[in-house]
Structures are given as structure tokens and as C-alpha cells.
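One file, protein23.txt, is given below (compact mmCIF, all heavy atoms).
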# COMPACT_ATOMS: atom_id res chain seq x y z
N MET A 90 94.92 98.81 103.61
CA MET A 90 94.25 99.17 104.84
C MET A 90 94.30 97.99 105.81
O MET A 90 94.04 96.86 105.44
CB MET A 90 92.81 99.56 104.54
CG MET A 90 92.03 99.94 105.77
SD MET A 90 90.42 100.58 105.26
CE MET A 90 89.55 100.30 106.73
N ILE A 91 94.63 98.27 107.04
CA ILE A 91 94.69 97.22 108.06
C ILE A 91 93.35 97.17 108.79
O ILE A 91 92.88 98.18 109.31
CB ILE A 91 95.83 97.47 109.06
CG1 ILE A 91 97.17 97.42 108.33
CG2 ILE A 91 95.80 96.46 110.19
CD1 ILE A 91 98.35 97.76 109.21
N THR A 92 92.76 96.01 108.80
CA THR A 92 91.49 95.82 109.51
C THR A 92 91.75 94.96 110.74
O THR A 92 92.79 94.30 110.84
CB THR A 92 90.47 95.11 108.60
OG1 THR A 92 90.94 93.79 108.33
CG2 THR A 92 90.25 95.88 107.31
N PRO A 93 90.82 94.93 111.69
CA PRO A 93 91.01 94.07 112.88
C PRO A 93 91.25 92.62 112.51
O PRO A 93 92.06 91.93 113.11
CB PRO A 93 89.72 94.25 113.66
CG PRO A 93 89.23 95.61 113.28
CD PRO A 93 89.63 95.76 111.81
N ASP A 94 90.58 92.13 111.46
CA ASP A 94 90.77 90.74 111.05
C ASP A 94 92.16 90.51 110.47
O ASP A 94 92.78 89.48 110.71
CB ASP A 94 89.71 90.33 110.02
CG ASP A 94 88.34 90.19 110.66
OD1 ASP A 94 88.27 89.93 111.88
OD2 ASP A 94 87.34 90.35 109.94
N SER A 95 92.68 91.46 109.69
CA SER A 95 94.00 91.28 109.09
C SER A 95 95.10 91.39 110.13
O SER A 95 96.17 90.81 109.98
CB SER A 95 94.23 92.27 107.96
OG SER A 95 94.30 93.59 108.46
N GLN A 96 94.87 92.15 111.21
CA GLN A 96 95.87 92.24 112.27
C GLN A 96 96.06 90.91 112.96
O GLN A 96 97.14 90.58 113.41
CB GLN A 96 95.47 93.30 113.29
CG GLN A 96 95.63 94.71 112.80
CD GLN A 96 95.21 95.72 113.85
OE1 GLN A 96 94.39 95.43 114.70
NE2 GLN A 96 95.77 96.92 113.77
N ASN A 97 95.02 90.12 113.10
CA ASN A 97 95.08 88.84 113.79
C ASN A 97 95.32 87.67 112.86
O ASN A 97 95.36 86.54 113.30
CB ASN A 97 93.78 88.61 114.58
CG ASN A 97 93.63 89.62 115.71
OD1 ASN A 97 94.62 90.06 116.28
ND2 ASN A 97 92.41 89.98 116.00
N ALA A 98 95.50 87.93 111.57
CA ALA A 98 95.65 86.86 110.59
C ALA A 98 96.85 85.97 110.88
O ALA A 98 96.82 84.77 110.60
CB ALA A 98 95.75 87.44 109.19
N PHE A 99 97.91 86.52 111.46
CA PHE A 99 99.11 85.74 111.70
C PHE A 99 99.34 85.45 113.18
O PHE A 99 100.39 84.98 113.56
CB PHE A 99 100.33 86.45 111.11
CG PHE A 99 100.23 86.59 109.62
CD1 PHE A 99 99.91 87.80 109.05
CD2 PHE A 99 100.45 85.50 108.80
CE1 PHE A 99 99.81 87.94 107.68
CE2 PHE A 99 100.35 85.62 107.43
CZ PHE A 99 100.03 86.84 106.86
N TYR A 100 98.36 85.76 114.01
CA TYR A 100 98.50 85.53 115.44
C TYR A 100 98.26 84.06 115.76
O TYR A 100 97.31 83.45 115.30
CB TYR A 100 97.51 86.37 116.24
CG TYR A 100 97.53 86.03 117.71
CD1 TYR A 100 98.55 86.50 118.52
CD2 TYR A 100 96.57 85.21 118.26
CE1 TYR A 100 98.60 86.17 119.86
CE2 TYR A 100 96.60 84.88 119.60
CZ TYR A 100 97.62 85.36 120.40
OH TYR A 100 97.68 85.02 121.71
N GLU A 101 99.16 83.50 116.53
CA GLU A 101 99.01 82.15 117.03
C GLU A 101 99.57 82.13 118.44
O GLU A 101 100.68 82.62 118.68
CB GLU A 101 99.79 81.16 116.14
CG GLU A 101 99.63 79.73 116.56
CD GLU A 101 100.38 78.77 115.63
OE1 GLU A 101 100.88 79.21 114.58
OE2 GLU A 101 100.48 77.60 115.99
N ALA A 102 98.83 81.60 119.38
CA ALA A 102 99.30 81.55 120.76
C ALA A 102 100.57 80.72 120.85
O ALA A 102 100.74 79.73 120.13
CB ALA A 102 98.22 80.95 121.65
N LEU A 103 101.49 81.14 121.71
CA LEU A 103 102.74 80.40 121.89
C LEU A 103 102.49 79.09 122.62
O LEU A 103 101.75 79.04 123.59
CB LEU A 103 103.74 81.24 122.67
CG LEU A 103 104.28 82.47 121.98
CD1 LEU A 103 105.22 83.23 122.91
CD2 LEU A 103 105.01 82.09 120.70
N THR A 104 103.13 78.05 122.12
CA THR A 104 103.09 76.73 122.73
C THR A 104 104.51 76.18 122.70
O THR A 104 105.37 76.71 121.98
CB THR A 104 102.17 75.77 121.96
OG1 THR A 104 102.75 75.50 120.68
CG2 THR A 104 100.76 76.35 121.78
N PRO A 105 104.79 75.11 123.42
CA PRO A 105 106.13 74.51 123.33
C PRO A 105 106.49 74.05 121.93
O PRO A 105 107.66 73.95 121.57
CB PRO A 105 106.04 73.32 124.29
CG PRO A 105 105.00 73.71 125.28
CD PRO A 105 103.98 74.49 124.48
N ASP A 106 105.48 73.79 121.08
CA ASP A 106 105.75 73.31 119.72
C ASP A 106 106.05 74.42 118.73
O ASP A 106 106.65 74.17 117.69
CB ASP A 106 104.55 72.49 119.22
CG ASP A 106 104.37 71.21 120.01
OD1 ASP A 106 105.39 70.62 120.43
OD2 ASP A 106 103.20 70.82 120.21
N ASN A 107 105.64 75.66 119.03
CA ASN A 107 105.87 76.72 118.04
C ASN A 107 106.70 77.88 118.59
O ASN A 107 106.71 78.97 118.04
CB ASN A 107 104.53 77.24 117.49
CG ASN A 107 103.73 78.01 118.53
OD1 ASN A 107 104.16 78.21 119.66
ND2 ASN A 107 102.53 78.42 118.13
N ALA A 108 107.37 77.65 119.71
CA ALA A 108 108.16 78.70 120.34
C ALA A 108 109.62 78.26 120.48
O ALA A 108 109.91 77.07 120.49
CB ALA A 108 107.58 79.04 121.70
N ALA A 109 110.47 79.22 120.59
CA ALA A 109 111.90 78.95 120.81
C ALA A 109 112.39 79.87 121.92
O ALA A 109 111.87 80.96 122.12
CB ALA A 109 112.69 79.19 119.54
N MET A 110 113.40 79.40 122.63
CA MET A 110 114.00 80.21 123.67
C MET A 110 115.43 80.51 123.26
O MET A 110 116.16 79.61 122.83
CB MET A 110 113.99 79.45 125.00
CG MET A 110 114.47 80.28 126.16
SD MET A 110 114.40 79.42 127.75
CE MET A 110 112.69 78.96 127.86
N LEU A 111 115.81 81.75 123.37
CA LEU A 111 117.15 82.17 122.98
C LEU A 111 117.90 82.65 124.21
O LEU A 111 117.42 83.53 124.93
CB LEU A 111 117.07 83.29 121.95
CG LEU A 111 118.38 83.93 121.53
CD1 LEU A 111 119.25 82.93 120.78
CD2 LEU A 111 118.11 85.15 120.67
N LEU A 112 119.04 82.06 124.46
CA LEU A 112 119.89 82.50 125.57
C LEU A 112 121.18 83.04 124.96
O LEU A 112 121.93 82.31 124.33
CB LEU A 112 120.21 81.33 126.51
CG LEU A 112 121.21 81.62 127.63
CD1 LEU A 112 120.69 82.72 128.55
CD2 LEU A 112 121.50 80.37 128.43
N ILE A 113 121.39 84.32 125.12
CA ILE A 113 122.60 84.95 124.60
C ILE A 113 123.76 84.57 125.51
O ILE A 113 123.62 84.53 126.73
CB ILE A 113 122.42 86.48 124.55
CG1 ILE A 113 121.27 86.82 123.60
CG2 ILE A 113 123.70 87.18 124.14
CD1 ILE A 113 120.84 88.27 123.64
N ASP A 114 124.90 84.29 124.93
CA ASP A 114 126.09 83.92 125.69
C ASP A 114 126.58 85.13 126.46
O ASP A 114 127.30 85.97 125.93
CB ASP A 114 127.16 83.39 124.73
CG ASP A 114 128.40 82.91 125.47
OD1 ASP A 114 128.34 82.74 126.70
OD2 ASP A 114 129.43 82.71 124.81
N HIS A 115 126.16 85.22 127.71
CA HIS A 115 126.55 86.36 128.54
C HIS A 115 128.00 86.19 128.99
O HIS A 115 128.39 85.13 129.45
CB HIS A 115 125.66 86.46 129.78
CG HIS A 115 124.26 86.85 129.47
ND1 HIS A 115 123.90 88.13 129.16
CD2 HIS A 115 123.12 86.11 129.41
CE1 HIS A 115 122.60 88.18 128.92
NE2 HIS A 115 122.10 86.98 129.07
N GLN A 116 128.77 87.24 128.85
CA GLN A 116 130.14 87.24 129.33
C GLN A 116 130.18 88.01 130.65
O GLN A 116 129.41 88.94 130.86
CB GLN A 116 131.05 87.88 128.30
CG GLN A 116 131.07 87.12 126.99
CD GLN A 116 131.93 87.81 125.94
OE1 GLN A 116 132.61 88.78 126.23
NE2 GLN A 116 131.89 87.32 124.73
N ALA A 117 131.08 87.62 131.51
CA ALA A 117 131.13 88.18 132.87
C ALA A 117 131.16 89.71 132.87
O ALA A 117 130.47 90.35 133.65
CB ALA A 117 132.34 87.63 133.60
N GLY A 118 131.92 90.32 132.00
CA GLY A 118 132.05 91.77 131.97
C GLY A 118 130.78 92.49 131.57
O GLY A 118 130.57 93.64 131.95
N LEU A 119 129.91 91.82 130.81
CA LEU A 119 128.68 92.47 130.37
C LEU A 119 127.73 92.75 131.53
O LEU A 119 126.99 93.72 131.51
CB LEU A 119 127.98 91.62 129.32
CG LEU A 119 128.71 91.47 127.99
CD1 LEU A 119 127.93 90.55 127.05
CD2 LEU A 119 128.93 92.82 127.33
N PHE A 120 127.76 91.92 132.55
CA PHE A 120 126.89 92.13 133.70
C PHE A 120 127.21 93.45 134.39
O PHE A 120 126.33 94.09 134.96
CB PHE A 120 127.02 90.99 134.72
CG PHE A 120 126.32 89.73 134.29
CD1 PHE A 120 127.02 88.65 133.81
CD2 PHE A 120 124.93 89.63 134.38
CE1 PHE A 120 126.38 87.49 133.42
CE2 PHE A 120 124.28 88.48 134.00
CZ PHE A 120 125.00 87.41 133.51
N LEU A 121 128.45 93.86 134.36
CA LEU A 121 128.85 95.10 135.03
C LEU A 121 128.29 96.34 134.34
O LEU A 121 128.18 97.39 134.96
CB LEU A 121 130.38 95.19 135.09
CG LEU A 121 131.08 94.05 135.85
CD1 LEU A 121 132.59 94.19 135.73
CD2 LEU A 121 130.65 94.03 137.30
N LYS A 122 127.94 96.23 133.08
CA LYS A 122 127.42 97.37 132.32
C LYS A 122 125.91 97.52 132.44
O LYS A 122 125.36 98.53 132.05
CB LYS A 122 127.79 97.22 130.84
CG LYS A 122 129.28 97.22 130.58
CD LYS A 122 129.88 98.57 130.85
CE LYS A 122 131.35 98.59 130.51
NZ LYS A 122 131.99 99.82 130.90
N VAL A 123 125.23 96.52 132.96
CA VAL A 123 123.77 96.57 133.07
C VAL A 123 123.38 97.57 134.14
O VAL A 123 123.84 97.50 135.27
CB VAL A 123 123.19 95.17 133.39
CG1 VAL A 123 121.70 95.25 133.68
CG2 VAL A 123 123.46 94.21 132.25
N GLN A 124 122.53 98.50 133.77
CA GLN A 124 122.07 99.54 134.69
C GLN A 124 120.55 99.47 134.87
O GLN A 124 120.01 100.11 135.77
CB GLN A 124 122.44 100.91 134.14
CG GLN A 124 123.91 101.09 133.88
CD GLN A 124 124.65 101.62 135.09
OE1 GLN A 124 124.11 102.40 135.85
NE2 GLN A 124 125.89 101.19 135.26
N SER A 125 119.85 98.73 134.02
CA SER A 125 118.39 98.75 134.03
C SER A 125 117.77 97.77 135.02
O SER A 125 116.56 97.80 135.22
CB SER A 125 117.86 98.46 132.63
OG SER A 125 118.28 97.17 132.22
N MET A 126 118.58 96.90 135.62
CA MET A 126 118.08 95.98 136.62
C MET A 126 119.21 95.56 137.55
O MET A 126 120.37 95.77 137.23
CB MET A 126 117.42 94.75 135.99
CG MET A 126 118.37 93.80 135.26
SD MET A 126 117.55 92.41 134.44
CE MET A 126 116.80 91.55 135.78
N ASN A 127 118.87 94.99 138.66
CA ASN A 127 119.85 94.52 139.62
C ASN A 127 120.73 93.45 138.97
O ASN A 127 120.21 92.50 138.37
CB ASN A 127 119.12 93.96 140.84
CG ASN A 127 120.06 93.45 141.90
OD1 ASN A 127 120.64 92.38 141.75
ND2 ASN A 127 120.18 94.21 142.97
N GLN A 128 122.03 93.58 139.07
CA GLN A 128 122.95 92.65 138.41
C GLN A 128 122.84 91.24 138.95
O GLN A 128 122.95 90.27 138.19
CB GLN A 128 124.38 93.16 138.53
CG GLN A 128 124.62 94.42 137.74
CD GLN A 128 125.99 95.02 137.98
OE1 GLN A 128 126.79 94.51 138.75
NE2 GLN A 128 126.26 96.13 137.33
N GLN A 129 122.60 91.09 140.25
CA GLN A 129 122.45 89.75 140.82
C GLN A 129 121.19 89.08 140.30
O GLN A 129 121.18 87.88 140.01
CB GLN A 129 122.43 89.80 142.35
CG GLN A 129 122.47 88.43 143.01
CD GLN A 129 123.75 87.65 142.68
OE1 GLN A 129 124.84 88.18 142.77
NE2 GLN A 129 123.58 86.40 142.27
N VAL A 130 120.11 89.84 140.15
CA VAL A 130 118.87 89.30 139.60
C VAL A 130 119.10 88.84 138.16
O VAL A 130 118.65 87.77 137.75
CB VAL A 130 117.73 90.33 139.68
CG1 VAL A 130 116.49 89.87 138.92
CG2 VAL A 130 117.39 90.63 141.13
N LEU A 131 119.80 89.65 137.37
CA LEU A 131 120.12 89.28 136.00
C LEU A 131 120.93 87.99 135.96
O LEU A 131 120.63 87.08 135.18
CB LEU A 131 120.89 90.40 135.30
CG LEU A 131 121.39 90.10 133.89
CD1 LEU A 131 120.24 89.80 132.95
CD2 LEU A 131 122.22 91.27 133.37
N LYS A 132 121.93 87.88 136.81
CA LYS A 132 122.76 86.67 136.87
C LYS A 132 121.92 85.46 137.24
O LYS A 132 122.00 84.41 136.60
CB LYS A 132 123.89 86.87 137.87
CG LYS A 132 124.80 85.67 138.00
CD LYS A 132 125.91 85.94 139.01
CE LYS A 132 126.78 84.72 139.21
NZ LYS A 132 127.82 84.96 140.22
N ASN A 133 121.08 85.61 138.28
CA ASN A 133 120.24 84.49 138.72
C ASN A 133 119.25 84.06 137.64
O ASN A 133 119.04 82.87 137.42
CB ASN A 133 119.48 84.87 139.99
CG ASN A 133 120.39 85.06 141.18
OD1 ASN A 133 121.54 84.65 141.17
ND2 ASN A 133 119.88 85.70 142.21
N ASN A 134 118.66 85.04 136.94
CA ASN A 134 117.73 84.72 135.86
C ASN A 134 118.42 83.99 134.72
O ASN A 134 117.87 83.06 134.13
CB ASN A 134 117.05 85.99 135.34
CG ASN A 134 116.08 86.58 136.32
OD1 ASN A 134 115.69 85.94 137.30
ND2 ASN A 134 115.69 87.82 136.08
N THR A 135 119.63 84.42 134.38
CA THR A 135 120.39 83.79 133.30
C THR A 135 120.74 82.34 133.66
O THR A 135 120.58 81.43 132.84
CB THR A 135 121.67 84.59 133.01
OG1 THR A 135 121.30 85.93 132.66
CG2 THR A 135 122.46 83.97 131.88
N ILE A 136 121.17 82.12 134.89
CA ILE A 136 121.51 80.77 135.33
C ILE A 136 120.27 79.89 135.33
O ILE A 136 120.30 78.74 134.87
CB ILE A 136 122.19 80.82 136.71
CG1 ILE A 136 123.57 81.45 136.59
CG2 ILE A 136 122.28 79.42 137.32
CD1 ILE A 136 124.22 81.79 137.92
N ALA A 137 119.15 80.41 135.83
CA ALA A 137 117.91 79.64 135.87
C ALA A 137 117.45 79.28 134.46
O ALA A 137 117.01 78.15 134.22
CB ALA A 137 116.83 80.42 136.60
N LEU A 138 117.56 80.21 133.53
CA LEU A 138 117.17 79.95 132.15
C LEU A 138 118.05 78.87 131.54
O LEU A 138 117.56 77.96 130.87
CB LEU A 138 117.26 81.24 131.33
CG LEU A 138 116.89 81.14 129.86
CD1 LEU A 138 115.46 80.67 129.69
CD2 LEU A 138 117.08 82.49 129.19
N ALA A 139 119.35 78.94 131.77
CA ALA A 139 120.27 77.93 131.23
C ALA A 139 119.96 76.56 131.81
O ALA A 139 119.97 75.56 131.09
CB ALA A 139 121.71 78.33 131.54
N LYS A 140 119.67 76.49 133.11
CA LYS A 140 119.34 75.20 133.73
C LYS A 140 118.03 74.65 133.19
O LYS A 140 117.89 73.45 132.99
CB LYS A 140 119.27 75.36 135.25
CG LYS A 140 120.63 75.53 135.89
CD LYS A 140 120.50 75.67 137.39
CE LYS A 140 121.87 75.80 138.04
NZ LYS A 140 121.76 75.95 139.49
N GLU A 141 117.06 75.52 132.97
CA GLU A 141 115.75 75.09 132.47
C GLU A 141 115.87 74.47 131.08
O GLU A 141 115.18 73.51 130.76
CB GLU A 141 114.79 76.28 132.43
CG GLU A 141 113.38 75.92 132.03
CD GLU A 141 112.70 74.98 133.01
OE1 GLU A 141 113.01 75.02 134.22
OE2 GLU A 141 111.85 74.18 132.58
N GLU A 142 116.75 74.98 130.26
CA GLU A 142 116.95 74.46 128.91
C GLU A 142 117.46 73.03 128.92
O GLU A 142 117.27 72.30 127.97
CB GLU A 142 117.93 75.35 128.14
CG GLU A 142 117.27 76.52 127.49
CD GLU A 142 116.26 76.10 126.44
OE1 GLU A 142 116.66 75.46 125.43
OE2 GLU A 142 115.08 76.38 126.63
N HIS A 143 118.10 72.61 129.97
CA HIS A 143 118.69 71.27 130.02
C HIS A 143 117.74 70.23 130.62
O HIS A 143 118.12 69.11 130.83
CB HIS A 143 119.99 71.28 130.81
CG HIS A 143 121.09 71.99 130.08
ND1 HIS A 143 121.72 71.44 128.98
CD2 HIS A 143 121.64 73.20 130.25
CE1 HIS A 143 122.63 72.27 128.53
NE2 HIS A 143 122.60 73.37 129.28
N HIS A 144 116.48 70.59 130.87
CA HIS A 144 115.53 69.66 131.45
C HIS A 144 114.84 68.79 130.42
O HIS A 144 114.02 67.97 130.77
CB HIS A 144 114.48 70.40 132.27
CG HIS A 144 115.00 70.82 133.60
ND1 HIS A 144 114.44 71.84 134.30
CD2 HIS A 144 116.03 70.39 134.37
CE1 HIS A 144 115.09 72.00 135.45
NE2 HIS A 144 116.07 71.15 135.48
N ASP A 145 115.12 68.95 129.15
CA ASP A 145 114.43 68.16 128.11
C ASP A 145 114.78 66.73 128.16
O ASP A 145 115.54 66.06 128.39
CB ASP A 145 114.73 68.71 126.71
CG ASP A 145 114.02 70.03 126.50
OD1 ASP A 145 113.06 70.31 127.24
OD2 ASP A 145 114.42 70.77 125.60
Same coordinates, now as C-alpha cells:
Amino acid sequence: MITPDSQNAFYEALTPDNAAMLLIDHQAGLFLKVQSMNQQVLKNNTIALAKEEHHD
């Protein structure tokens, strides 16, 4: 039986020490297949994410 206490037993707030960021290697052709969001926004977000990873 799942109780409210057991549901939160493994919850821990995300911090820079316990989180990871995953950037999938986007290939140019994959952007053309995206229909769920604006392709330029997707491209800009991917570039921004890649640049942010190099700030360490």
C-alpha cells in the first residue's frame, strides 16, 4: 500500500550537486521533423543549453 509518507520517501529537491543535464546530439535534419514547437525556438533553446554547459 502506498501512503503519503512512502510517496515522498525518495523525493529530494534538485540542486546543482544532485542533478544532471542531458543534451541530445541534435542533427540538422531532426529539426525539420519537429511539429510540436516552433523550429527556430527549438534551435535557439538547444544552442543556449549547449552554451550554458560550457560555463563551468
Notebook entry, point to check: In Å, how far is it from atom CA of A:Phe120 to atom CA of A:Lys140?
Noted result: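 About the pair atom CA of A:Phe120 and atom CA of A:Lys140: they are 18.5 Å apart.
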Next item on the list: To one decimal in Å, tell me the separation between atom N of A:Ala109 and atom CE of A:Lys132.
Entry: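 Computing the Euclidean distance for atom N of A:Ala109 and atom CE of A:Lys132 yields 25.4 Å.
Put simply, atom C of A:Ile113 is 27.3 Å away from atom C of A:Tyr100.
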